[in-house]
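First the structure, in the form of structure tokens, and then the observations on it.
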Amino acid sequence: MGPEDVRKALVVGAGAMGNSIALVFARAGIGVGLVDVGRDALDRAMGLIESGLGALVDAGKVGRGEIGTVLGRIHPDTDLEAAAQGVDFVVEAVPEVPEVKKEVFTRLDELCPEEVIIASNTSGLDIFSFAEVARPGRLLIAHWFLPPHIVPLVEVVPGPDTAPGAVSSTAALMQRLGKVPVVLKGFTRAFIVNKIQNMIALAVFELLGSGLVEPQDIDRAVKNSLGIRLPIVGVVQNLDFTGLDLVLDVMKSYGFMNEFIAGKVEEGSLGAKTGKGIYDYGGRAEAEILAGRDRRYLEMLDQLEAIGAFEPI
Ligand SMILES: NC(=O)c1ccc[n+]([C@@H]2O[C@H](COP(=O)([O-])OP(=O)(O)OC[C@H]3O[C@@H](n4cnc5c(N)ncnc54)[C@H](O)[C@@H]3O)[C@@H](O)[C@H]2O)c1
């Protein structure tokens with residue numbers, strides 16, 4: 001089934017992630033069943049969907065006249081079997097507990113026709129090691145970010161038996177939903193973003209525990225440095241602007257080595273200053289590359305100041 005054929009989706013688990021994911025499908029014109037174990041959870045989810053939709057309306061992303069139509073596409077249900085009838089794509093968003101997910105996968109595998117993709121929103125579990133499904137080719141991870149109705153990224157992660165077609169269809173469907181899919185070639189714990197975020201969290205915990213800096217000053221430091229650069233150059237191209245020779249020297253001074261960076265330095269690919277680093281700058285001169293960077297940094301700085309980003313919320 002192609003992504004354009006998806007007319008009915010199913011989201012299992014109507015918590016923080018599930019309710020917002022259901023809203024994404026509904027906004028894209030796709031009917032969506034939203035299943036949870038109890039009516040209370042579903043009532044809460046529908047309330048959160050309404051307030052999420054309200055924020056989108058206030059921001060001018062959704063027309064006020066569309067509210068009823070979008071909400072009308074979402075069908076809360078406590079009966080998984082009934083809700084699974086005729087669905088084309090499934091999102092699993094139940095708690096991060098292997099036993100709970102395992103049971104849900106098995107039921108979904110029994111209830112849904114084989115062409116239906118089952119996409120787990122796990123934050124980092126190796127679901128492929130414990131899922132008991134007869135058709136593992138349709139099982140994959142599609143990892144969204146809170147709140148899914150606003151944050152664009154969805155990491156798409158295949159398991160060892162996931163069909164390549166399921167991966168490409170899921171990525172294409174995410175694009176149809178207005179999301180930005182990034183496809184990994186295989187499972188790695190915590191995928192991309194949480195792997196990086198976890199390392200940041202460990203550093204923050206160390207600083208908080210050290211008493212060497214006030215908590216607010218950690219945020220002030222990050223907002224006034226990485227906060228301006230990361231949206232423009234990410235965490236990889238940033239290395240090109242530092243200079244990979246310097247990156248290597250700094251790592252050595254901490255007692256680390258990295259073959260990937262060392263290889264780049266050895267071949268003379270040092271970053272923007274040599275026109276090639278981890279990125280290839282297509283023969284452009286260093287000054288031209290830096291001018292493109294600086295223009296974006298300056299615009300970012302203005303935007304962040306304009307929305308008061310340097311003050312705590
Ligand atoms: N919260 C986040 O920031 C975030 C981000 C990305 C991924 N995730 C992942 O998404 C998944 C859901 O997280 P969440 O934050 O929405 O959790 P949550 O606790 O807010 O929601 C989970 C919902 O699933 C329901 N549920 C439990 N068992 C069920 C079952 N058998 N059938 C149907 N519904 C069932 C619960 O009643 C609850 O409403 C987890 O795997 C989590 O790791 C969370």
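Please note that chains go A, B, ... in the order of the structure tokens, that every chain numbers its residues from 1, and that ligands are numbered from 1 in the order shown.
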Within 6 Å of ligand 1, counting only C-alpha atoms and all ligand atoms: which residues, as a compact mmCIF listing (two decimals) with N, CA and C atoms, in the first residue's frame?
# COMPACT_ATOMS: atom_id res chain seq x y z
N VAL A 12 -2.78 3.57 18.82
CA VAL A 12 -3.07 2.79 20.03
C VAL A 12 -2.31 3.40 21.19
N GLY A 13 -3.06 3.88 22.18
CA GLY A 13 -2.48 4.60 23.30
C GLY A 13 -2.74 6.09 23.08
N ALA A 14 -3.61 6.66 23.95
CA ALA A 14 -4.04 8.04 23.72
C ALA A 14 -3.43 9.00 24.74
N GLY A 15 -2.20 8.70 25.16
CA GLY A 15 -1.54 9.55 26.15
C GLY A 15 -0.90 10.77 25.52
N ALA A 16 0.19 11.24 26.14
CA ALA A 16 0.84 12.48 25.70
C ALA A 16 1.16 12.44 24.20
N MET A 17 1.66 11.31 23.73
CA MET A 17 2.04 11.23 22.31
C MET A 17 0.85 10.87 21.43
N GLY A 18 0.09 9.86 21.85
CA GLY A 18 -0.97 9.34 20.99
C GLY A 18 -2.00 10.38 20.59
N VAL A 35 -7.28 4.59 20.28
CA VAL A 35 -7.67 3.55 21.24
C VAL A 35 -6.90 3.69 22.55
N ASP A 36 -7.64 3.55 23.64
CA ASP A 36 -7.00 3.47 24.95
C ASP A 36 -7.79 2.48 25.80
N VAL A 37 -7.25 2.19 26.99
CA VAL A 37 -7.89 1.16 27.80
C VAL A 37 -9.14 1.65 28.52
N ALA A 41 -9.25 8.09 29.88
CA ALA A 41 -8.05 8.43 29.11
C ALA A 41 -8.45 9.04 27.76
N ALA A 93 1.46 3.64 20.53
CA ALA A 93 1.99 4.66 21.47
C ALA A 93 1.54 4.34 22.89
N VAL A 94 1.70 3.06 23.27
CA VAL A 94 1.37 2.65 24.64
C VAL A 94 2.63 2.82 25.50
N PRO A 95 2.54 2.65 26.82
CA PRO A 95 3.70 2.94 27.68
C PRO A 95 4.97 2.17 27.28
N GLU A 96 6.09 2.74 27.69
CA GLU A 96 7.42 2.18 27.35
C GLU A 96 7.71 0.96 28.24
N VAL A 100 3.82 -4.70 27.83
CA VAL A 100 2.61 -4.03 27.31
C VAL A 100 2.71 -3.91 25.79
N VAL A 104 0.42 -5.73 22.65
CA VAL A 104 -0.25 -4.89 21.64
C VAL A 104 0.20 -5.29 20.23
N ASN A 121 6.11 3.82 18.44
CA ASN A 121 6.68 5.11 18.83
C ASN A 121 7.63 4.95 20.03
N THR A 122 8.18 3.76 20.20
CA THR A 122 9.09 3.56 21.33
C THR A 122 10.20 4.61 21.37
N SER A 123 10.58 5.00 22.58
CA SER A 123 11.65 5.99 22.73
C SER A 123 13.02 5.36 22.56
N HIS A 143 9.54 7.16 15.37
CA HIS A 143 9.69 7.85 16.65
C HIS A 143 9.44 9.35 16.49
N TRP A 144 8.34 9.80 17.10
CA TRP A 144 7.90 11.20 17.01
C TRP A 144 8.45 11.98 18.19
N PHE A 145 8.27 13.30 18.14
CA PHE A 145 8.80 14.16 19.20
C PHE A 145 7.69 15.05 19.77
N LEU A 146 7.71 15.19 21.06
CA LEU A 146 6.67 15.94 21.76
C LEU A 146 6.76 17.45 21.48
- Message: Env of Asp219 of chain A: 9 Å cut, atoms = only C-alpha atoms, seq-sep filter 5 positions within chain, self excluded. Answer as a PyMOL selection string.
- Response: chain A and resi 224+310+312
Kindly save the residues from that selection, with N, CA, C and O atoms included, as a JSON list (two decimals), in the first residue's frame.
[["chain", "number", "residue", "atom", "x", "y", "z"],
["A", 224, "ASN", "N", 22.89, 31.27, 24.49],
["A", 224, "ASN", "CA", 23.72, 32.30, 23.83],
["A", 224, "ASN", "C", 24.86, 31.72, 22.99],
["A", 224, "ASN", "O", 25.74, 32.46, 22.56],
["A", 310, "PHE", "N", 15.78, 34.66, 24.97],
["A", 310, "PHE", "CA", 16.90, 34.64, 25.92],
["A", 310, "PHE", "C", 16.43, 34.80, 27.38],
["A", 310, "PHE", "O", 17.22, 34.67, 28.30],
["A", 312, "PRO", "N", 13.89, 33.35, 30.45],
["A", 312, "PRO", "CA", 13.17, 32.10, 30.76],
["A", 312, "PRO", "C", 11.68, 32.25, 30.52],
["A", 312, "PRO", "O", 11.15, 33.36, 30.64]]
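For the residues A:Val204, A:Ile278, A:Ala262, A:Ala190, ranking by smallest atom-to-atom distance to Leu239 of chain A using only C-alpha atoms places A:Ile278 first.
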- Item | Contact residues around segment 19-27 of chain A with only C-alpha atoms at 7 Å, ignoring same-chain residues under 3 positions, as a ChimeraX atom specification | /A:11,14-16,30-32,34,45,49,70,73-74,147-149,177
Let me see the file: selected residues, all heavy atoms, as a short mmCIF file (atom, residue, chain, number, x, y, z; two decimals), in the first residue's frame.
data_model
loop_
_atom_site.label_atom_id
_atom_site.label_comp_id
_atom_site.auth_asym_id
_atom_site.auth_seq_id
_atom_site.Cartn_x
_atom_site.Cartn_y
_atom_site.Cartn_z
N VAL A 11 -4.29 4.82 16.04
CA VAL A 11 -3.28 5.14 17.04
C VAL A 11 -3.67 4.41 18.33
O VAL A 11 -4.78 4.62 18.84
CB VAL A 11 -3.19 6.67 17.29
CG1 VAL A 11 -2.18 6.97 18.39
CG2 VAL A 11 -2.80 7.40 16.01
N ALA A 14 -3.61 6.66 23.95
CA ALA A 14 -4.04 8.04 23.72
C ALA A 14 -3.43 9.00 24.74
O ALA A 14 -4.04 9.98 25.13
CB ALA A 14 -5.57 8.11 23.77
N GLY A 15 -2.20 8.70 25.16
CA GLY A 15 -1.54 9.55 26.15
C GLY A 15 -0.90 10.77 25.52
O GLY A 15 -1.35 11.26 24.47
N ALA A 16 0.19 11.24 26.14
CA ALA A 16 0.84 12.48 25.70
C ALA A 16 1.16 12.44 24.20
O ALA A 16 0.94 13.42 23.49
CB ALA A 16 2.13 12.67 26.50
N ILE A 30 -6.91 12.48 7.15
CA ILE A 30 -6.99 11.03 7.31
C ILE A 30 -7.82 10.72 8.56
O ILE A 30 -7.55 11.25 9.64
CB ILE A 30 -5.57 10.42 7.44
CG1 ILE A 30 -4.78 10.69 6.16
CG2 ILE A 30 -5.64 8.93 7.75
CD1 ILE A 30 -3.31 10.32 6.22
N GLY A 31 -8.81 9.85 8.41
CA GLY A 31 -9.61 9.43 9.56
C GLY A 31 -8.73 8.61 10.49
O GLY A 31 -7.86 7.87 10.04
N VAL A 32 -8.94 8.76 11.80
CA VAL A 32 -8.04 8.06 12.73
C VAL A 32 -8.80 7.53 13.94
O VAL A 32 -9.54 8.26 14.60
CB VAL A 32 -6.84 8.97 13.14
CG1 VAL A 32 -7.29 10.32 13.63
CG2 VAL A 32 -5.94 8.30 14.15
N LEU A 34 -8.62 6.22 17.68
CA LEU A 34 -7.71 6.47 18.81
C LEU A 34 -8.15 5.56 19.95
O LEU A 34 -9.24 5.71 20.50
CB LEU A 34 -7.79 7.95 19.22
CG LEU A 34 -6.89 8.40 20.37
CD1 LEU A 34 -5.42 8.14 20.06
CD2 LEU A 34 -7.11 9.89 20.66
N ALA A 45 -7.78 12.71 26.37
CA ALA A 45 -7.08 12.86 25.08
C ALA A 45 -7.85 13.81 24.16
O ALA A 45 -7.24 14.69 23.53
CB ALA A 45 -6.92 11.50 24.41
N ILE A 49 -6.51 17.19 22.54
CA ILE A 49 -6.52 17.41 21.08
C ILE A 49 -7.18 18.75 20.77
O ILE A 49 -6.69 19.54 19.96
CB ILE A 49 -7.26 16.25 20.37
CG1 ILE A 49 -6.39 14.98 20.40
CG2 ILE A 49 -7.60 16.62 18.93
CD1 ILE A 49 -7.08 13.73 19.93
N VAL A 70 -11.80 18.67 11.44
CA VAL A 70 -10.60 17.96 11.91
C VAL A 70 -10.98 17.06 13.09
O VAL A 70 -10.64 15.86 13.11
CB VAL A 70 -9.49 18.96 12.30
CG1 VAL A 70 -8.31 18.23 12.95
CG2 VAL A 70 -9.01 19.73 11.07
N ARG A 73 -12.74 13.79 12.38
CA ARG A 73 -11.99 12.67 11.78
C ARG A 73 -11.40 11.75 12.85
O ARG A 73 -10.85 10.70 12.53
CB ARG A 73 -10.83 13.21 10.92
CG ARG A 73 -11.29 13.98 9.69
CD ARG A 73 -10.12 14.24 8.75
NE ARG A 73 -10.57 15.08 7.67
CZ ARG A 73 -10.15 16.33 7.44
NH1 ARG A 73 -9.23 16.86 8.21
NH2 ARG A 73 -10.63 17.02 6.44
N ILE A 74 -11.47 12.16 14.12
CA ILE A 74 -10.84 11.37 15.19
C ILE A 74 -11.92 10.58 15.94
O ILE A 74 -12.90 11.16 16.42
CB ILE A 74 -10.07 12.29 16.17
CG1 ILE A 74 -9.03 13.10 15.38
CG2 ILE A 74 -9.41 11.47 17.27
CD1 ILE A 74 -8.34 14.19 16.18
N PRO A 147 5.72 18.12 21.14
CA PRO A 147 4.42 17.58 20.76
C PRO A 147 4.37 17.28 19.25
O PRO A 147 4.71 18.16 18.44
CB PRO A 147 3.45 18.72 21.11
CG PRO A 147 4.27 19.97 20.96
CD PRO A 147 5.71 19.61 21.21
N PRO A 148 3.98 16.08 18.88
CA PRO A 148 4.00 15.70 17.46
C PRO A 148 3.22 16.63 16.54
O PRO A 148 3.54 16.74 15.36
CB PRO A 148 3.39 14.30 17.46
CG PRO A 148 3.72 13.75 18.81
CD PRO A 148 3.62 14.94 19.74
N HIS A 149 2.20 17.32 17.05
CA HIS A 149 1.44 18.20 16.15
C HIS A 149 2.20 19.50 15.86
O HIS A 149 1.74 20.32 15.09
CB HIS A 149 0.03 18.48 16.69
CG HIS A 149 -0.02 19.22 17.99
ND1 HIS A 149 0.10 18.62 19.21
CD2 HIS A 149 -0.18 20.53 18.26
CE1 HIS A 149 0.02 19.52 20.17
NE2 HIS A 149 -0.16 20.69 19.63
N LEU A 177 2.13 13.78 5.80
CA LEU A 177 1.55 14.37 7.03
C LEU A 177 2.21 15.71 7.37
O LEU A 177 1.86 16.34 8.38
CB LEU A 177 1.75 13.41 8.21
CG LEU A 177 1.06 12.04 8.13
CD1 LEU A 177 1.43 11.20 9.35
CD2 LEU A 177 -0.45 12.19 8.03
#
- Which one is closest to Ala55 of chain A: A:Leu173, A:Val116, A:Leu125, A:Ile150? Count only C-alpha atoms.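 Ranking A:Leu173, A:Val116, A:Leu125, A:Ile150 by distance to Ala55 of chain A, first place goes to A:Ile150.
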Would you kindly return, as a compact mmCIF listing (two decimals) with N, CA and C atoms, in the first residue's frame, each protein, DNA or RNA residue with an atom no farther than 12 Å from any atom of Gln237 of chain A, considering only C-alpha atoms and excluding same-chain residues fewer than 2 positions away?
# COMPACT_ATOMS: atom_id res chain seq x y z
N ARG A 229 23.63 28.53 17.04
CA ARG A 229 24.32 27.76 15.98
C ARG A 229 23.58 26.50 15.55
N LEU A 230 23.06 25.74 16.52
CA LEU A 230 22.52 24.42 16.17
C LEU A 230 21.43 24.44 15.10
N PRO A 231 20.48 25.41 15.15
CA PRO A 231 19.45 25.38 14.11
C PRO A 231 20.01 25.60 12.71
N ILE A 232 21.20 26.18 12.63
CA ILE A 232 21.78 26.51 11.32
C ILE A 232 22.72 25.40 10.84
N VAL A 233 23.59 24.93 11.74
CA VAL A 233 24.61 23.98 11.27
C VAL A 233 24.48 22.60 11.89
N GLY A 234 23.50 22.40 12.77
CA GLY A 234 23.36 21.08 13.38
C GLY A 234 24.58 20.74 14.21
N VAL A 235 24.74 19.47 14.50
CA VAL A 235 25.87 19.06 15.34
C VAL A 235 27.02 18.49 14.53
N LEU A 239 31.07 20.84 13.30
CA LEU A 239 32.46 20.37 13.41
C LEU A 239 33.29 20.92 12.26
N ASP A 240 32.67 21.00 11.08
CA ASP A 240 33.37 21.56 9.91
C ASP A 240 33.75 23.02 10.14
N PHE A 241 32.91 23.74 10.87
CA PHE A 241 33.21 25.15 11.11
C PHE A 241 34.24 25.31 12.23
N THR A 242 34.25 24.36 13.16
CA THR A 242 35.31 24.41 14.18
C THR A 242 36.66 24.12 13.52
N GLY A 243 36.63 23.20 12.55
CA GLY A 243 37.88 22.73 11.92
C GLY A 243 38.17 21.35 12.49
N LEU A 244 38.23 20.34 11.61
CA LEU A 244 38.35 18.97 12.11
C LEU A 244 39.71 18.70 12.75
N LEU A 270 39.53 19.34 6.23
CA LEU A 270 39.50 19.92 7.58
C LEU A 270 38.22 20.69 7.89
N GLY A 271 37.36 20.85 6.87
CA GLY A 271 36.12 21.59 7.11
C GLY A 271 35.99 22.74 6.15
N ALA A 272 35.26 23.77 6.58
CA ALA A 272 34.99 24.92 5.69
C ALA A 272 36.29 25.54 5.18
N LYS A 276 36.20 21.33 2.13
CA LYS A 276 35.69 19.97 2.29
C LYS A 276 36.02 19.48 3.70
N GLY A 277 35.02 18.92 4.34
CA GLY A 277 35.25 18.35 5.66
C GLY A 277 34.38 17.11 5.73
N ILE A 278 33.43 17.11 6.65
CA ILE A 278 32.42 16.04 6.64
C ILE A 278 31.43 16.37 5.51
N TYR A 279 31.17 17.65 5.31
CA TYR A 279 30.38 18.13 4.17
C TYR A 279 31.33 18.51 3.05
N ASP A 280 30.79 18.49 1.82
CA ASP A 280 31.55 18.95 0.67
C ASP A 280 30.96 20.30 0.22
N TYR A 281 31.80 21.34 0.19
CA TYR A 281 31.30 22.69 -0.10
C TYR A 281 31.38 23.05 -1.58
N ILE A 289 31.66 30.59 2.04
CA ILE A 289 30.98 29.64 2.95
C ILE A 289 30.68 30.34 4.29
N ARG A 293 27.10 31.32 6.37
CA ARG A 293 26.87 30.96 7.77
C ARG A 293 26.53 32.20 8.60
Write out as a CSV table (one decimal) with N, CA and C atoms, in the first residue's frame all residues of segment 37-182 of chain A that DSSP puts in helix (DSSP H, G or I) for this structure's backbone.
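Generated file (selection38.csv):
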chain,number,residue,atom,x,y,z
A,39,ARG,N,-12.3,4.9,29.2
A,39,ARG,CA,-13.0,6.1,28.7
A,39,ARG,C,-12.3,7.4,29.2
A,40,ASP,N,-11.9,7.4,30.5
A,40,ASP,CA,-11.3,8.6,31.1
A,40,ASP,C,-10.1,9.1,30.3
A,41,ALA,N,-9.2,8.1,29.9
A,41,ALA,CA,-8.0,8.4,29.1
A,41,ALA,C,-8.4,9.0,27.8
A,42,LEU,N,-9.5,8.5,27.2
A,42,LEU,CA,-9.9,9.0,25.9
A,42,LEU,C,-10.5,10.4,26.0
A,43,ASP,N,-11.3,10.6,27.1
A,43,ASP,CA,-11.9,11.9,27.3
A,43,ASP,C,-10.8,13.0,27.5
A,44,ARG,N,-9.8,12.6,28.2
A,44,ARG,CA,-8.7,13.5,28.5
A,44,ARG,C,-8.0,13.8,27.2
A,45,ALA,N,-7.8,12.7,26.4
A,45,ALA,CA,-7.1,12.9,25.1
A,45,ALA,C,-7.8,13.8,24.2
A,46,MET,N,-9.2,13.7,24.1
A,46,MET,CA,-9.9,14.5,23.2
A,46,MET,C,-9.9,16.0,23.7
A,47,GLY,N,-9.8,16.2,25.0
A,47,GLY,CA,-9.7,17.5,25.5
A,47,GLY,C,-8.3,18.1,25.1
A,48,LEU,N,-7.3,17.3,25.2
A,48,LEU,CA,-5.9,17.8,24.8
A,48,LEU,C,-5.8,18.0,23.3
A,49,ILE,N,-6.5,17.2,22.5
A,49,ILE,CA,-6.5,17.4,21.1
A,49,ILE,C,-7.2,18.8,20.8
A,50,GLU,N,-8.3,19.0,21.5
A,50,GLU,CA,-9.0,20.3,21.2
A,50,GLU,C,-8.1,21.5,21.6
A,51,SER,N,-7.3,21.4,22.7
A,51,SER,CA,-6.5,22.5,23.1
A,51,SER,C,-5.3,22.6,22.1
A,52,GLY,N,-4.8,21.5,21.7
A,52,GLY,CA,-3.7,21.5,20.7
A,52,GLY,C,-4.1,22.1,19.4
A,53,LEU,N,-5.3,21.8,19.0
A,53,LEU,CA,-5.9,22.3,17.7
A,53,LEU,C,-6.1,23.8,17.9
A,54,GLY,N,-6.5,24.2,19.1
A,54,GLY,CA,-6.8,25.6,19.4
A,54,GLY,C,-5.5,26.4,19.2
A,55,ALA,N,-4.4,25.9,19.7
A,55,ALA,CA,-3.1,26.6,19.6
A,55,ALA,C,-2.7,26.7,18.1
A,56,LEU,N,-3.0,25.7,17.3
A,56,LEU,CA,-2.7,25.8,15.8
A,56,LEU,C,-3.6,26.8,15.2
A,57,VAL,N,-4.8,26.9,15.6
A,57,VAL,CA,-5.7,27.9,15.1
A,57,VAL,C,-5.2,29.3,15.4
A,58,ASP,N,-4.9,29.5,16.7
A,58,ASP,CA,-4.4,30.8,17.2
A,58,ASP,C,-3.2,31.2,16.4
A,64,ARG,N,-10.2,28.6,11.6
A,64,ARG,CA,-11.2,28.4,12.6
A,64,ARG,C,-12.3,27.5,12.1
A,65,GLY,N,-12.7,27.7,10.9
A,65,GLY,CA,-13.8,27.0,10.3
A,65,GLY,C,-13.5,25.5,10.1
A,66,GLU,N,-12.2,25.1,10.3
A,66,GLU,CA,-11.9,23.7,10.0
A,66,GLU,C,-11.9,22.8,11.3
A,67,ILE,N,-12.1,23.5,12.5
A,67,ILE,CA,-12.0,22.8,13.7
A,67,ILE,C,-12.9,21.6,13.8
A,68,GLY,N,-14.2,21.8,13.4
A,68,GLY,CA,-15.2,20.7,13.5
A,68,GLY,C,-14.8,19.5,12.6
A,69,THR,N,-14.4,19.8,11.4
A,69,THR,CA,-14.0,18.8,10.4
A,69,THR,C,-12.8,18.0,10.9
A,70,VAL,N,-11.8,18.7,11.4
A,70,VAL,CA,-10.6,18.0,11.9
A,70,VAL,C,-11.0,17.1,13.1
A,71,LEU,N,-11.7,17.6,14.1
A,71,LEU,CA,-12.1,16.8,15.2
A,71,LEU,C,-13.0,15.6,14.8
A,72,GLY,N,-13.8,15.9,13.8
A,72,GLY,CA,-14.7,14.8,13.4
A,72,GLY,C,-14.0,13.6,12.7
A,80,LEU,N,-10.1,-2.3,20.7
A,80,LEU,CA,-9.1,-2.4,19.7
A,80,LEU,C,-9.5,-3.1,18.4
A,81,GLU,N,-10.3,-4.2,18.6
A,81,GLU,CA,-10.7,-5.0,17.5
A,81,GLU,C,-11.6,-4.2,16.5
A,82,ALA,N,-12.5,-3.5,17.1
A,82,ALA,CA,-13.4,-2.7,16.3
A,82,ALA,C,-12.7,-1.6,15.6
A,83,ALA,N,-11.8,-1.0,16.4
A,83,ALA,CA,-11.1,0.2,15.8
A,83,ALA,C,-10.1,-0.2,14.7
A,98,PRO,N,8.0,-3.2,27.9
A,98,PRO,CA,8.1,-4.2,26.9
A,98,PRO,C,6.9,-5.2,26.9
A,99,GLU,N,6.4,-5.6,28.1
A,99,GLU,CA,5.3,-6.6,28.1
A,99,GLU,C,4.1,-6.0,27.5
A,100,VAL,N,3.8,-4.7,27.8
A,100,VAL,CA,2.6,-4.0,27.3
A,100,VAL,C,2.7,-3.9,25.8
A,101,LYS,N,3.9,-3.5,25.3
A,101,LYS,CA,4.0,-3.3,23.9
A,101,LYS,C,3.9,-4.7,23.2
A,102,LYS,N,4.6,-5.7,23.7
A,102,LYS,CA,4.6,-7.0,23.1
A,102,LYS,C,3.2,-7.5,22.9
A,103,GLU,N,2.3,-7.3,23.9
A,103,GLU,CA,0.9,-7.8,23.8
A,103,GLU,C,0.2,-7.0,22.7
A,104,VAL,N,0.4,-5.7,22.7
A,104,VAL,CA,-0.3,-4.9,21.6
A,104,VAL,C,0.2,-5.3,20.2
A,105,PHE,N,1.5,-5.5,20.0
A,105,PHE,CA,2.0,-5.9,18.7
A,105,PHE,C,1.3,-7.2,18.3
A,106,THR,N,1.3,-8.2,19.2
A,106,THR,CA,0.7,-9.5,18.8
A,106,THR,C,-0.7,-9.4,18.4
A,107,ARG,N,-1.5,-8.6,19.1
A,107,ARG,CA,-2.9,-8.4,18.8
A,107,ARG,C,-3.1,-7.6,17.5
A,108,LEU,N,-2.3,-6.6,17.3
A,108,LEU,CA,-2.4,-5.8,16.0
A,108,LEU,C,-2.0,-6.7,14.9
A,109,ASP,N,-1.0,-7.6,15.1
A,109,ASP,CA,-0.5,-8.4,14.0
A,109,ASP,C,-1.7,-9.4,13.6
A,110,GLU,N,-2.4,-9.8,14.6
A,110,GLU,CA,-3.5,-10.7,14.3
A,110,GLU,C,-4.7,-10.0,13.6
A,111,LEU,N,-4.9,-8.7,14.1
A,111,LEU,CA,-6.1,-8.0,13.6
A,111,LEU,C,-6.0,-7.3,12.3
A,127,ILE,N,12.4,-3.1,20.1
A,127,ILE,CA,11.1,-3.9,20.0
A,127,ILE,C,11.3,-5.1,19.2
A,128,PHE,N,12.3,-5.1,18.3
A,128,PHE,CA,12.5,-6.2,17.3
A,128,PHE,C,13.0,-7.5,18.1
A,129,SER,N,13.5,-7.3,19.2
A,129,SER,CA,14.1,-8.4,20.0
A,129,SER,C,13.0,-9.1,20.8
A,130,PHE,N,11.9,-8.5,21.0
A,130,PHE,CA,10.8,-9.1,21.8
A,130,PHE,C,9.5,-9.2,21.2
A,136,PRO,N,7.0,-10.0,10.6
A,136,PRO,CA,7.9,-8.9,11.1
A,136,PRO,C,8.3,-7.9,10.0
A,137,GLY,N,8.0,-8.2,8.8
A,137,GLY,CA,8.3,-7.3,7.7
A,137,GLY,C,7.6,-6.0,7.8
A,138,ARG,N,6.4,-6.0,8.5
A,138,ARG,CA,5.7,-4.7,8.5
A,138,ARG,C,5.8,-4.0,9.8
A,164,PRO,N,12.0,-3.3,3.2
A,164,PRO,CA,12.5,-2.0,2.8
A,164,PRO,C,11.3,-1.2,2.3
A,165,GLY,N,10.3,-1.8,1.7
A,165,GLY,CA,9.1,-1.1,1.2
A,165,GLY,C,8.3,-0.5,2.4
A,166,ALA,N,8.3,-1.1,3.5
A,166,ALA,CA,7.6,-0.6,4.7
A,166,ALA,C,8.3,0.7,5.2
A,167,VAL,N,9.6,0.7,5.1
A,167,VAL,CA,10.4,1.8,5.5
A,167,VAL,C,10.1,3.0,4.6
A,168,SER,N,10.2,2.8,3.3
A,168,SER,CA,10.0,3.9,2.3
A,168,SER,C,8.6,4.4,2.4
A,169,SER,N,7.6,3.5,2.5
A,169,SER,CA,6.2,3.9,2.6
A,169,SER,C,6.0,4.8,3.8
A,170,THR,N,6.6,4.4,5.0
A,170,THR,CA,6.4,5.1,6.2
A,170,THR,C,7.0,6.5,6.1
A,171,ALA,N,8.2,6.6,5.5
A,171,ALA,CA,8.8,7.9,5.3
A,171,ALA,C,8.0,8.8,4.4
A,172,ALA,N,7.4,8.2,3.3
A,172,ALA,CA,6.6,9.0,2.4
A,172,ALA,C,5.3,9.4,3.1
A,173,LEU,N,4.7,8.5,3.9
A,173,LEU,CA,3.5,8.9,4.6
A,173,LEU,C,3.8,10.1,5.6
A,174,MET,N,4.9,10.0,6.3
A,174,MET,CA,5.3,11.1,7.2
A,174,MET,C,5.4,12.4,6.4
A,175,GLN,N,5.9,12.3,5.2
A,175,GLN,CA,6.0,13.6,4.4
A,175,GLN,C,4.6,14.1,4.1
A,176,ARG,N,3.8,13.1,3.7
A,176,ARG,CA,2.4,13.5,3.4
A,176,ARG,C,1.7,14.2,4.6
- Select from segment 29-77 of chain A everything DSSP, run on the backbone, classes as strand (DSSP E), then give the selection as a ChimeraX atom specification. /A:31-35,74-77
- Query: Using only C-alpha atoms, which of the listed residues (A:Asp126, A:Asp77, A:Glu115, A:Glu132) sits closest to Pro160 of chain A?
  - Reply: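 Residue with the minimum atom-to-atom distance to Pro160 of chain A: A:Asp126.
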